[in-house]
Every structure is written in C-alpha cells, then in structure tokens.
>>> print(open('final.cif').read())   # mmCIF, C-alpha atoms
data_final
loop_
_atom_site.label_atom_id
_atom_site.label_comp_id
_atom_site.auth_asym_id
_atom_site.auth_seq_id
_atom_site.Cartn_x
_atom_site.Cartn_y
_atom_site.Cartn_z
CA MET A 28 -46.66 -3.71 1.93
CA LYS A 29 -50.35 -3.80 2.71
CA ALA A 30 -53.45 -1.89 1.78
CA TYR A 31 -54.55 0.43 4.56
CA LYS A 32 -58.13 1.26 5.48
CA GLY A 33 -57.36 4.83 6.53
CA TYR A 34 -54.72 7.55 6.19
CA LEU A 35 -53.52 10.42 8.36
CA LEU A 36 -51.93 12.87 5.93
CA ASP A 37 -49.59 15.70 6.84
CA LEU A 38 -49.97 18.93 4.83
CA ASP A 39 -46.89 21.17 4.86
CA GLY A 40 -44.20 19.41 2.82
CA THR A 41 -46.47 16.48 1.98
CA VAL A 42 -49.45 17.92 0.09
CA TYR A 43 -48.09 21.41 -0.49
CA ARG A 44 -45.08 23.60 0.19
CA GLY A 45 -46.27 27.02 1.33
CA ASN A 46 -48.71 28.09 -1.38
CA GLU A 47 -47.50 25.62 -4.00
CA VAL A 48 -49.25 22.28 -4.35
CA ILE A 49 -47.21 19.11 -4.81
CA PRO A 50 -48.76 17.74 -8.05
CA GLU A 51 -48.44 14.07 -7.13
CA ALA A 52 -50.45 14.70 -3.97
CA VAL A 53 -53.43 15.87 -6.04
CA HIS A 54 -53.51 12.55 -7.93
CA PHE A 55 -53.05 10.50 -4.77
CA ILE A 56 -55.89 12.18 -2.89
CA ARG A 57 -58.16 11.84 -5.91
CA ALA A 58 -57.37 8.12 -5.98
CA LEU A 59 -58.24 7.75 -2.29
CA ARG A 60 -61.58 9.50 -2.85
CA GLU A 61 -62.39 7.32 -5.86
CA GLU A 62 -61.69 4.15 -3.86
CA GLY A 63 -63.64 5.37 -0.84
CA ILE A 64 -60.64 5.14 1.50
CA PRO A 65 -61.11 7.53 4.45
CA TYR A 66 -58.38 10.01 5.31
CA LEU A 67 -57.80 13.00 7.52
CA TYR A 68 -55.42 15.90 7.01
CA LEU A 69 -53.43 15.91 10.25
CA THR A 70 -51.41 19.08 10.60
CA ASN A 71 -49.33 20.68 13.32
CA ASN A 72 -50.10 24.08 11.84
CA SER A 73 -52.29 25.84 14.38
CA SER A 74 -52.79 29.12 12.53
CA ALA A 75 -55.90 28.47 10.45
CA PRO A 76 -59.34 26.99 11.23
CA PRO A 77 -60.32 23.85 9.29
CA GLU A 78 -62.57 25.87 6.97
CA ALA A 79 -59.61 27.96 5.83
CA VAL A 80 -57.40 24.89 5.37
CA ALA A 81 -60.08 23.24 3.22
CA LYS A 82 -60.46 26.43 1.18
CA LYS A 83 -56.69 26.54 0.57
CA LEU A 84 -56.74 22.93 -0.62
CA GLN A 85 -59.68 23.61 -2.91
CA ALA A 86 -57.81 26.54 -4.46
CA MET A 87 -54.98 24.12 -5.22
CA GLY A 88 -57.30 21.78 -7.09
CA ILE A 89 -57.86 19.32 -4.24
CA GLU A 90 -61.41 18.44 -3.26
CA ALA A 91 -61.61 19.00 0.49
CA SER A 92 -64.04 19.72 3.31
CA PRO A 93 -63.46 21.12 6.83
CA GLU A 94 -64.49 17.74 8.26
CA GLU A 95 -61.39 16.21 6.65
CA VAL A 96 -59.02 18.54 8.52
CA TYR A 97 -57.64 18.02 12.02
CA THR A 98 -55.21 20.60 13.38
CA SER A 99 -53.03 20.90 16.46
CA SER A 100 -55.34 23.73 17.59
CA MET A 101 -58.30 21.35 17.52
CA ALA A 102 -56.34 18.71 19.44
CA THR A 103 -55.24 21.28 22.02
CA ALA A 104 -58.84 22.38 22.51
CA ALA A 105 -59.97 18.75 22.82
CA TYR A 106 -57.26 18.09 25.41
CA LEU A 107 -58.33 21.04 27.56
CA ALA A 108 -62.01 20.17 27.20
CA GLU A 109 -61.31 16.59 28.26
CA LYS A 110 -59.07 17.41 31.20
CA HIS A 111 -60.75 20.51 32.56
CA PRO A 112 -64.21 22.10 32.93
CA GLN A 113 -65.51 24.80 30.64
CA GLY A 114 -64.34 28.26 31.54
CA THR A 115 -60.70 27.27 31.93
CA ARG A 116 -58.74 30.51 31.68
CA VAL A 117 -56.24 30.48 28.82
CA HIS A 118 -53.65 33.06 27.78
CA VAL A 119 -53.07 32.52 24.07
CA ILE A 120 -50.13 33.21 21.79
CA GLY A 121 -51.38 32.26 18.35
CA GLU A 122 -53.49 33.08 15.35
CA GLU A 123 -57.14 32.71 14.30
CA GLY A 124 -57.30 28.92 14.21
CA LEU A 125 -56.09 28.55 17.79
CA HIS A 126 -58.30 31.30 19.20
CA MET A 127 -61.38 29.83 17.49
CA ALA A 128 -60.74 26.24 18.57
CA LEU A 129 -60.20 27.18 22.21
CA ALA A 130 -63.26 29.44 22.32
CA GLN A 131 -65.43 26.74 20.75
CA ALA A 132 -64.21 24.29 23.41
CA GLY A 133 -65.52 26.60 26.13
CA CYS A 134 -62.21 28.08 27.27
CA THR A 135 -62.12 31.64 28.56
CA LEU A 136 -59.45 33.55 26.65
CA THR A 137 -57.80 36.14 28.86
CA ASP A 138 -54.79 38.42 29.15
CA GLN A 139 -55.21 38.51 32.93
CA GLU A 140 -54.81 35.67 35.45
CA ALA A 141 -54.68 32.38 33.54
CA ASP A 142 -54.64 28.65 34.24
CA TYR A 143 -52.80 27.89 31.00
CA VAL A 144 -50.56 29.59 28.50
CA VAL A 145 -51.06 28.03 25.07
CA VAL A 146 -48.51 28.76 22.36
CA GLY A 147 -49.17 28.28 18.66
CA ILE A 148 -47.51 29.82 15.64
CA ASP A 149 -47.86 33.61 15.79
CA ARG A 150 -46.33 35.67 13.03
CA SER A 151 -46.83 38.84 15.06
CA PHE A 152 -44.89 37.42 18.03
CA SER A 153 -43.16 40.14 20.02
CA TYR A 154 -41.20 40.83 23.18
CA ALA A 155 -44.38 42.15 24.80
CA LYS A 156 -46.19 38.86 24.11
CA LEU A 157 -43.21 36.90 25.42
CA ALA A 158 -43.13 38.95 28.62
CA ALA A 159 -46.88 38.55 29.22
CA ALA A 160 -46.70 34.78 28.74
CA ALA A 161 -43.71 34.50 31.07
CA ARG A 162 -45.52 36.49 33.78
CA ALA A 163 -48.54 34.19 33.53
CA ILE A 164 -46.37 31.08 33.80
CA ARG A 165 -44.41 32.41 36.77
CA SER A 166 -47.75 33.18 38.41
CA GLY A 167 -48.77 29.54 38.16
CA ALA A 168 -50.09 28.93 34.63
CA THR A 169 -49.20 25.66 32.89
CA LEU A 170 -47.49 25.94 29.49
CA ILE A 171 -49.00 24.04 26.55
CA ALA A 172 -47.49 23.97 23.06
CA THR A 173 -49.63 23.10 20.06
CA ASN A 174 -46.40 21.71 18.56
CA ARG A 175 -42.62 22.13 18.64
CA ASP A 176 -41.85 22.15 14.92
CA PRO A 177 -38.55 24.02 14.56
CA ALA A 178 -39.19 24.98 10.93
CA LEU A 179 -41.92 25.09 8.29
CA PRO A 180 -41.34 24.09 4.64
CA THR A 181 -42.50 26.82 2.24
CA GLU A 182 -42.08 27.70 -1.41
CA ASN A 183 -39.17 29.90 -0.22
CA GLY A 184 -37.47 27.22 1.83
CA LEU A 185 -37.61 26.51 5.54
CA MET A 186 -39.01 29.24 7.78
CA PRO A 187 -39.09 29.42 11.62
CA GLY A 188 -41.78 27.23 13.15
CA ASN A 189 -43.68 27.25 16.41
CA GLY A 190 -40.85 25.44 18.17
CA ALA A 191 -38.83 28.66 18.10
CA LEU A 192 -41.62 30.52 19.90
CA VAL A 193 -42.17 27.72 22.39
CA ALA A 194 -38.46 27.64 23.21
CA ALA A 195 -38.50 31.36 23.96
CA VAL A 196 -41.59 31.16 26.18
CA ALA A 197 -40.30 28.07 28.00
CA ALA A 198 -36.96 29.76 28.67
CA ALA A 199 -38.59 32.99 29.84
CA GLY A 200 -41.10 31.15 32.03
CA GLY A 201 -38.58 28.67 33.45
CA THR A 202 -40.64 25.60 32.56
CA GLN A 203 -41.22 22.93 29.92
CA PRO A 204 -44.46 22.58 27.95
CA ILE A 205 -47.04 19.88 27.56
CA VAL A 206 -46.87 19.24 23.80
CA ILE A 207 -50.05 18.26 21.97
CA GLY A 208 -49.08 17.97 18.30
CA LYS A 209 -46.90 15.52 16.44
CA PRO A 210 -44.69 13.71 17.44
CA GLU A 211 -46.85 13.19 20.52
CA SER A 212 -49.51 10.50 20.50
CA ILE A 213 -52.10 12.92 21.95
CA ILE A 214 -53.03 14.45 18.59
CA VAL A 215 -52.83 11.09 16.81
CA ASN A 216 -55.27 9.43 19.22
CA TYR A 217 -57.79 12.25 18.82
CA ALA A 218 -57.43 12.07 15.03
CA LEU A 219 -57.89 8.29 14.94
CA LYS A 220 -61.06 8.61 16.99
CA ARG A 221 -62.40 11.10 14.48
CA LEU A 222 -61.29 9.09 11.44
CA GLY A 223 -62.81 5.89 12.78
CA THR A 224 -60.19 3.37 11.62
CA PRO A 225 -58.04 1.27 13.98
CA LYS A 226 -54.42 2.32 14.23
CA GLU A 227 -53.26 -1.11 13.03
CA GLU A 228 -55.01 -0.44 9.70
CA THR A 229 -54.14 3.25 9.38
CA LEU A 230 -51.01 4.74 7.81
CA ILE A 231 -49.58 8.05 9.02
CA VAL A 232 -47.87 9.97 6.23
CA GLY A 233 -45.54 12.94 6.28
CA ASP A 234 -42.28 14.55 5.22
CA ASN A 235 -40.70 15.06 8.66
CA LEU A 236 -38.93 12.30 10.55
CA MET A 237 -38.96 14.24 13.83
CA THR A 238 -42.70 14.92 13.79
CA ASP A 239 -44.71 12.74 11.39
CA ILE A 240 -42.63 9.57 11.55
CA ALA A 241 -41.87 9.93 15.25
CA ALA A 242 -45.63 10.32 15.81
CA GLY A 243 -46.14 6.98 14.12
CA VAL A 244 -43.48 5.36 16.30
CA ASN A 245 -44.88 6.92 19.48
CA SER A 246 -48.41 5.81 18.56
CA GLY A 247 -47.54 2.27 17.47
CA MET A 248 -48.55 2.91 13.85
CA ASP A 249 -47.05 2.21 10.43
CA SER A 250 -45.67 5.30 8.73
CA LEU A 251 -44.68 6.57 5.29
CA LEU A 252 -41.97 9.18 4.77
CA VAL A 253 -42.36 11.17 1.54
CA LEU A 254 -39.28 12.99 0.27
CA THR A 255 -41.06 16.17 -0.76
CA GLY A 256 -40.36 18.39 2.24
CA TYR A 257 -38.25 18.50 5.37
CA SER A 258 -36.42 15.16 5.65
CA SER A 259 -34.25 13.41 3.06
CA ALA A 260 -33.43 9.77 2.38
CA ALA A 261 -30.01 10.41 3.92
CA ASP A 262 -31.73 11.71 7.06
CA ALA A 263 -33.86 8.57 7.21
CA ALA A 264 -30.81 6.33 6.99
CA VAL A 265 -29.50 7.61 10.34
CA SER A 266 -32.70 8.63 12.10
CA PRO A 267 -33.75 7.05 15.40
CA TRP A 268 -37.34 7.29 14.09
CA GLN A 269 -37.57 4.78 11.28
CA PRO A 270 -40.48 4.92 8.82
CA THR A 271 -42.15 1.72 7.74
CA TYR A 272 -41.93 2.92 4.13
CA VAL A 273 -40.16 5.65 2.14
CA ALA A 274 -41.37 7.09 -1.19
CA ASP A 275 -40.31 9.98 -3.39
CA HIS A 276 -43.86 11.37 -3.23
CA LEU A 277 -47.43 10.27 -2.52
CA MET A 278 -48.19 8.98 -5.99
CA ALA A 279 -45.01 6.89 -6.04
CA TRP A 280 -46.31 5.16 -2.91
CA TYR A 281 -49.72 4.59 -4.48
CA GLU A 282 -48.22 3.17 -7.67
CA LYS A 283 -45.98 0.83 -5.70
CA LEU A 284 -48.94 -0.30 -3.61
CA ALA A 285 -51.11 -0.75 -6.69
CA GLY A 286 -48.42 -2.83 -8.38
CA GLY A 287 -48.13 -5.17 -5.44
CA ASN A 288 -51.55 -5.42 -3.86
CA ARG A 289 -54.27 -3.92 -6.05
#
>>> encode(input="final.cif", output="structure tokens")
Amino acid sequence: MKAYKGYLLDLDGTVYRGNEVIPEAVHFIRALREEGIPYLYLTNNSSAPPEAVAKKLQAMGIEASPEEVYTSSMATAAYLAEKHPQGTRVHVIGEEGLHMALAQAGCTLTDQEADYVVVGIDRSFSYAKLAAAARAIRSGATLIATNRDPALPTENGLMPGNGALVAAVAAAGGTQPIVIGKPESIIVNYALKRLGTPKEETLIVGDNLMTDIAAGVNSGMDSLLVLTGYSSAADAAVSPWQPTYVADHLMAWYEKLAGGNR
C-alpha cells in the first residue's frame, strides 16, 4: 500500500446510495480535507450539473463545492469542444446536467438535422425520443453515450441505468456509440487534468468493477473497490478487471492505510 497524492471518487454506491449517504464516506472525505489531499468526484451520472451534485452532498453532511465534481456530461462536452468547432449540432437525450454542459461548450442543441446524437440518462425517455434519435443517426449523426452503466445503485436497490437507453438507441440506429464515461479512459484523462495529480500517484475509487475498476485498468491507474454498492467480493474474485485494493468501505481503506503508512 502507498499514500496517494490525489483521489478520483465515484459517487453512486461509493459515497451514497440514491438519497442515503454511506456514513463511512463522510468520515473519509473529512479526513482527506483535513490532510489537504486533493480529490475529485468522478461520476458517470449525467443528469445533474455540478452545482446540484455539490448541493446534494452538502445536504448529506459532506462539505463540497461544484469545482470538486466532474461528470460524464462535462467530459462529453469537453470531448466535443476538443474535437469539433463551436456550433456543432447535437440532438440530446438527457436531463439538465447534459443540456447545460453541452450548451456551455458551445454546442447547438437541436431536434432537427444533427451532427451528433448524445445519450445520457433520461427518466422521461419515450418511444418518440427513441424514434427521433434513430432518424438522426440514420441521417448521418454520430452516436455518443455519456456512459453505458446498465444499472444504478439506489436506496431501493438497482435501477435501470443509461446503458439500457444507449442499447435501445444503438439498436434502433444500427450503430455503436463512442463512449465517454467510465470505463473509458477519456473521462479519466480529463479528470486527471483538472485534478492536477499524475496518474501514477492518483487512486481511482468506486463500487463497480465494470466501470470504476475497469476505468483504472484502461487508464493505467491503481484502483480501490469498495463493497458498498454494485460489485461484491465474490464478483472481484472472478472479474477480468482486478482492483489494486479491496475494502469494505472508504473508511476501512483509510484506517488500513493509516495503520501501515501514516
């Protein structure tokens, strides 16, 4: 084990489940702040802008600012801004966080002729939205997915994630998406640039082997699996994506690290 100079922390299943905070996460984040160790909340959830995510964390008793949040919507907007000029025409399936991030990046949001179809979680998803996205893709638009998470951990168990919507749009449009969020390295590289710590000295933390831990593997980073959400220890034993460390929860990791290196 080693002490890391920066952390990329997942949210759903790691810091909270739905609207319920994971108590050990509160203590861990407080410890990071007290020691001056930089961290960034790195989430595949595209629905909310960073201000809303920070407000949710604050309501749970966690000191947080929008600058500490990096979402798949923000990474998607950064990708489009980097690859294409302002005014890129985008047909969006998604909620407030995705619409805001794309607009702020200079994209033109449209229901007409589009260069891209971007799909994020949309809890008002409908057949009409599916049909419109498919028409845009078959007319030449490129499909981008903020993430492909099949399910979201909540206080009521696992609920359908954006991956279900992406699968429907990809099938209807007859194509496969460019994926921005975890487990891809695209979002991780943008987050590391914002955090300012080298990947060799940064730990990526999460509850999902297929997204968080696979993102670490794909990005050449050390990773920590916490057993507070999607994946279990039994899952980790047979997973092709092996975490560097496994802990019951965030504070168990901190206590183990403190006992060995602090």
>>> resolve_selection(input="final.cif", expression="the PyMOL selection byres ((chain A and resi 53) around 9)", output="VMD selection string")
chain A and resid 42 48 to 52 54 to 58 87 to 90 277 to 278
>>> resolve_selection(input="final.cif", expression="the PyMOL selection byres ((chain A and resi 229) around 12)", output="VMD selection string")
chain A and resid 29 to 36 64 to 67 215 to 216 218 to 220 222 to 228 230 to 232 243 246 to 251
>>> atom_distance(input="final.cif", atom1="atom CA of Ser166 of chain A", atom2="atom CA of Arg116 of chain A")
13.2 Å
>>> atom_distance(input="final.cif", atom1="atom CA of Leu129 of chain A", atom2="atom CA of Met237 of chain A")
26.2 Å
>>> atom_distance(input="final.cif", atom1="atom CA of Gly114 of chain A", atom2="atom CA of Ala198 of chain A")
27.6 Å
>>> residues_around(input="final.cif", residues="Leu252 of chain A", least_positions_apart="3", cutoff="10 Å", atoms="only C-alpha atoms", output="PyMOL selection string")
chain A and resi 41+231-236+239-240+255-256+258-260+263+269-277+280
>>> residues_around(input="final.cif", residues="segment 74-77 of chain A", least_positions_apart="3", cutoff="7 Å", atoms="all atoms listed in the file", output="list in words")
Val80, Ala81, Pro93, Val96, Tyr97, Gly121, Glu122, Glu123, Gly124, Leu125 and Ile148 of chain A
>>> resolve_selection(input="final.cif", expression="the PyMOL selection byres ((chain A and resi 46) around 9)", output="PyMOL selection string")
chain A and resi 43-45+47-48+83+87+181-182
>>> closest_residue(input="final.cif", among="A:Glu109, A:Asp176, A:Glu78, A:Glu61", to="Ser92 of chain A", atoms="all atoms listed in the file")
A:Glu78
>>> closest_residue(input="final.cif", among="A:Val193, A:Ala130, A:Val244, A:Ala168", to="Val146 of chain A", atoms="only C-alpha atoms")
A:Val193
>>> closest_residue(input="final.cif", among="A:Ser151, A:Gln203, A:Thr115, A:Asn189", to="Ser99 of chain A", atoms="all atoms listed in the file")
A:Asn189
>>> closest_residue(input="final.cif", among="A:Pro210, A:Gly40, A:Pro112, A:Gly200", to="Ala160 of chain A", atoms="all atoms listed in the file")
A:Gly200
>>> closest_residue(input="final.cif", among="A:Gln139, A:Thr103, A:Asn245, A:Asn71", to="Met127 of chain A", atoms="only C-alpha atoms")
A:Thr103
>>> residues_around(input="final.cif", residues="Ala172 of chain A", least_positions_apart="4", cutoff="12 Å", atoms="only C-alpha atoms", output="MDAnalysis selection string")
chainID A and resid 71:73 99:100 102:104 106 118:121 125 143:148 176 188:197 202:209 211 214
>>> closest_residue(input="final.cif", among="A:Ala128, A:Val265, A:Ala285, A:Val117", to="Leu59 of chain A", atoms="all atoms listed in the file")
A:Ala285
>>> residues_around(input="final.cif", residues="Ala108 of chain A", least_positions_apart="3", cutoff="8 Å", atoms="only C-alpha atoms", output="list in words")
Ala104, Ala105, His111, Pro112, Gln113, Ala132, Gly133 and Cys134 of chain A
>>> axis_aligned_box(input="final.cif", around="segment 40-56 of chain A", padding_each_side="5 Å", output="AutoDock Vina command-line options")
--center_x -50.0 --center_y 19.3 --center_z -2.6 --size_x 21.7 --size_y 27.6 --size_z 20.9
